[in-house]
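A.B. asks: Sharing a structure below in structure tokens format, with a few things to ask.
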Amino acid sequence: MELDLATVDACVSGPKRPHDKVAVSNMPADFQSCLTSPVGFKGFNVGDTLTNEKEFTFEGENYKLKHGSVVIAAITSCTNTSNPEVMIAAGLICKYATEKGLKVPPYIKTSLAPGSGVVTKYLEVSETLSFLEAQGFHLAGYGCTTCIGNSGELDEAVTTAIQESDLVTAAVLSGNRNFEGRVHPLTRANYLASPPLVVAYALAGRVDFDFETEPLGRHGDTDVFLRDIWPSRAEVKALCETVIKPEMFRECYEAISKGTDRWNQLQVEEG
């Protein structure tokens with residue numbers, strides 16, 4: 001069996017089913033197609049409302065939402081967060097984005113909820129956790145969160161903007177299920193993606209974004225594209241080999257049954 005690596009494309013899954021594979025390069029066209037497809041396969045059946053936009057104010061600043069706008073971006077605890085390379089890559093993208101002055105729009109509900117405390121340890125040692133936090137991906141806990149609907153409420157201003165214009169807004173998450181209504185009632189388009197792509201779409205602010213031709217922003221007088229902040233395979237591998245140690249796993253899992261101080265201080269009746 002032969003495989004030409006040049007034929008391997010970055011993909012996401014969505015907008016409603018985990019087995020609906022979409023090449024990242026085809027996302028703008030696929031999303032627009034989904035908007036007008038009849039209900040029953042992948043579509044939303046919103047007819048002629050493709051250009052809906054809604055202005056709103058968030059924390060004193062004015063923003064716009066439209067079909068395809070990302071309102072939830074979550075690095076969750078599903079299988080691919082057990083892969084240190086994709087987690088480190090996500091951290092490096094946040095690092096390079098921060099250094100070039102790029103910022104995830106603040107109204108996007110971002111979160112980091114890996115499946116293991118070991119992830120936190122190697123993100124700290126690799127000095128990438130602080131950059132994830134700088135882009136809004138703060139540690140929310142460990143375990144299932146956004147992909148089972150535990151993202152919590154969106155900001156009231158975001159909720160109102162979506163409802164008043166009947167917008168098809170999006171969630172991008174590194175989970176494994178995206179059936180309609182599972183992630184959040186107000187995100188009718190839900191895409192499963194690797195942690196680095198979750199960060200990428202959060203920075204872009206919408207899912208119908210062409211990473212090849214559209215810049216994520218500007219740094220001085222220069223356009224910044226995703227390729228400018230995407231770490232090389234060799235860089236990610238070298239960092240993983242440097243920071244990930246067996247002791248991290250032993251320390252974390254040996255203490256798993258001890259609980260945290262807050263848990264152990266809970267007052268409960270016996271019996």
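Every chain in the structure tokens has a letter given in the order shown (A, B, ...), and although residue numbers restart at 1 in each chain, ligands are simply numbered from 1 in the order shown.
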Could you name the residues that touch stretch 117-134 of chain A at 6 Å or less, counting only C-alpha atoms, but leaving out those on the same chain fewer than 3 positions away, as a PDB file with C-alpha atoms, in the first residue's frame?
C.D. replies:
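Resulting contents of result_13.pdb:
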ATOM      1  CA  GLY A  91      -0.367  26.257  22.290  1.00  0.00           C
ATOM      2  CA  CYS A  94      -1.634  30.824  20.351  1.00  0.00           C
ATOM      3  CA  LYS A  95       1.929  31.901  21.117  1.00  0.00           C
ATOM      4  CA  PHE A 137      -8.507  29.252  26.376  1.00  0.00           C
ATOM      5  CA  HIS A 138      -8.469  29.095  30.161  1.00  0.00           C
ATOM      6  CA  ILE A 244       6.926  15.339  28.215  1.00  0.00           C
TER       7      ILE A 244
END
A.B. asks: Let's see if you can do this: from backbone DSSP, list all alpha helix (DSSP H) residues in stretch 17-223 of chain A, as a PDB file with C-alpha atoms, in the first residue's frame.
C.D. replies:
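Heads up, here's the output in selection_19.pdb:
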ATOM      1  CA  MET A  27     -15.170  24.986   4.114  1.00  0.00           C
ATOM      2  CA  PRO A  28     -16.345  28.336   2.659  1.00  0.00           C
ATOM      3  CA  ALA A  29     -18.143  26.655  -0.235  1.00  0.00           C
ATOM      4  CA  ASP A  30     -19.449  23.762   1.855  1.00  0.00           C
ATOM      5  CA  PHE A  31     -20.905  26.017   4.520  1.00  0.00           C
ATOM      6  CA  GLN A  32     -22.716  28.169   1.980  1.00  0.00           C
ATOM      7  CA  SER A  33     -24.040  25.007   0.354  1.00  0.00           C
ATOM      8  CA  CYS A  34     -25.301  23.739   3.702  1.00  0.00           C
ATOM      9  CA  LEU A  35     -27.197  26.958   4.298  1.00  0.00           C
ATOM     10  CA  THR A  36     -29.357  26.411   1.232  1.00  0.00           C
ATOM     11  CA  PRO A  84       0.433  15.794  23.156  1.00  0.00           C
ATOM     12  CA  GLU A  85       1.474  16.913  19.685  1.00  0.00           C
ATOM     13  CA  VAL A  86      -1.861  18.503  18.799  1.00  0.00           C
ATOM     14  CA  MET A  87      -2.105  20.137  22.217  1.00  0.00           C
ATOM     15  CA  ILE A  88       1.402  21.577  21.976  1.00  0.00           C
ATOM     16  CA  ALA A  89       0.647  22.708  18.415  1.00  0.00           C
ATOM     17  CA  ALA A  90      -2.453  24.539  19.632  1.00  0.00           C
ATOM     18  CA  GLY A  91      -0.367  26.257  22.290  1.00  0.00           C
ATOM     19  CA  LEU A  92       2.276  27.296  19.774  1.00  0.00           C
ATOM     20  CA  ILE A  93      -0.332  28.759  17.436  1.00  0.00           C
ATOM     21  CA  CYS A  94      -1.634  30.824  20.351  1.00  0.00           C
ATOM     22  CA  LYS A  95       1.929  31.901  21.117  1.00  0.00           C
ATOM     23  CA  TYR A  96       2.715  33.039  17.584  1.00  0.00           C
ATOM     24  CA  ALA A  97      -0.696  34.663  17.182  1.00  0.00           C
ATOM     25  CA  THR A  98      -0.180  36.634  20.391  1.00  0.00           C
ATOM     26  CA  GLU A  99       3.292  37.707  19.317  1.00  0.00           C
ATOM     27  CA  GLY A 117      -4.100  16.776  34.437  1.00  0.00           C
ATOM     28  CA  VAL A 118      -0.937  15.697  32.648  1.00  0.00           C
ATOM     29  CA  VAL A 119      -1.916  17.996  29.786  1.00  0.00           C
ATOM     30  CA  THR A 120      -1.773  20.992  32.102  1.00  0.00           C
ATOM     31  CA  LYS A 121       1.673  19.938  33.310  1.00  0.00           C
ATOM     32  CA  TYR A 122       3.276  19.698  29.887  1.00  0.00           C
ATOM     33  CA  LEU A 123       1.554  22.863  28.653  1.00  0.00           C
ATOM     34  CA  GLU A 124       3.030  24.680  31.651  1.00  0.00           C
ATOM     35  CA  VAL A 125       6.520  23.233  31.144  1.00  0.00           C
ATOM     36  CA  LEU A 129      -0.404  27.443  28.630  1.00  0.00           C
ATOM     37  CA  SER A 130      -0.039  31.177  29.238  1.00  0.00           C
ATOM     38  CA  PHE A 131      -0.473  31.830  25.516  1.00  0.00           C
ATOM     39  CA  LEU A 132      -3.577  29.642  25.361  1.00  0.00           C
ATOM     40  CA  GLU A 133      -4.929  31.729  28.237  1.00  0.00           C
ATOM     41  CA  ALA A 134      -3.963  34.937  26.428  1.00  0.00           C
ATOM     42  CA  GLU A 156     -26.804  37.920  26.634  1.00  0.00           C
ATOM     43  CA  ALA A 157     -25.753  40.322  23.872  1.00  0.00           C
ATOM     44  CA  VAL A 158     -24.608  37.415  21.691  1.00  0.00           C
ATOM     45  CA  THR A 159     -27.785  35.460  22.408  1.00  0.00           C
ATOM     46  CA  THR A 160     -29.981  38.410  21.481  1.00  0.00           C
ATOM     47  CA  ALA A 161     -28.097  39.072  18.241  1.00  0.00           C
ATOM     48  CA  ILE A 162     -28.445  35.436  17.148  1.00  0.00           C
ATOM     49  CA  GLN A 163     -32.130  35.218  17.976  1.00  0.00           C
ATOM     50  CA  GLU A 164     -33.179  38.561  16.511  1.00  0.00           C
ATOM     51  CA  PRO A 195      -7.174  21.537  18.814  1.00  0.00           C
ATOM     52  CA  PRO A 196      -4.927  23.600  16.471  1.00  0.00           C
ATOM     53  CA  LEU A 197      -7.848  24.129  14.075  1.00  0.00           C
ATOM     54  CA  VAL A 198     -10.138  25.071  16.967  1.00  0.00           C
ATOM     55  CA  VAL A 199      -7.706  27.898  17.708  1.00  0.00           C
ATOM     56  CA  ALA A 200      -7.451  28.781  14.012  1.00  0.00           C
ATOM     57  CA  TYR A 201     -11.202  29.149  13.550  1.00  0.00           C
ATOM     58  CA  ALA A 202     -11.492  31.086  16.792  1.00  0.00           C
ATOM     59  CA  LEU A 203      -8.911  33.559  15.494  1.00  0.00           C
ATOM     60  CA  ALA A 204     -10.735  33.741  12.156  1.00  0.00           C
TER      61      ALA A 204
END
A.B. asks: To one decimal place, how far is atom CA of A:Ser257 from atom CA of A:Thr242 in Å?
C.D. replies: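 That distance, rounded to one decimal, is 28.4 Å.
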A.B. asks: Of the candidates A:Gly60, A:Cys78, A:Arg227, A:Pro114, which shows the shortest atom-to-atom distance to A:Glu214, using only C-alpha atoms?
C.D. replies: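 Smallest separation from A:Glu214 among the options: A:Arg227.
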A.B. asks: Here is a test: counting only C-alpha atoms, which residue of A:Glu153, A:Glu247, A:Glu59, A:Glu254 is nearest to A:Tyr107?
C.D. replies: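 Looking only at the distances to A:Tyr107, the closest residue turns out to be A:Glu59.
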A.B. asks: Given the choices A:Asn62, A:Gln135, A:Asn26, A:Thr146, which gets closest to A:Val104 if the distance is worked out from only C-alpha atoms?
C.D. replies: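 Nearest to A:Val104: A:Gln135.
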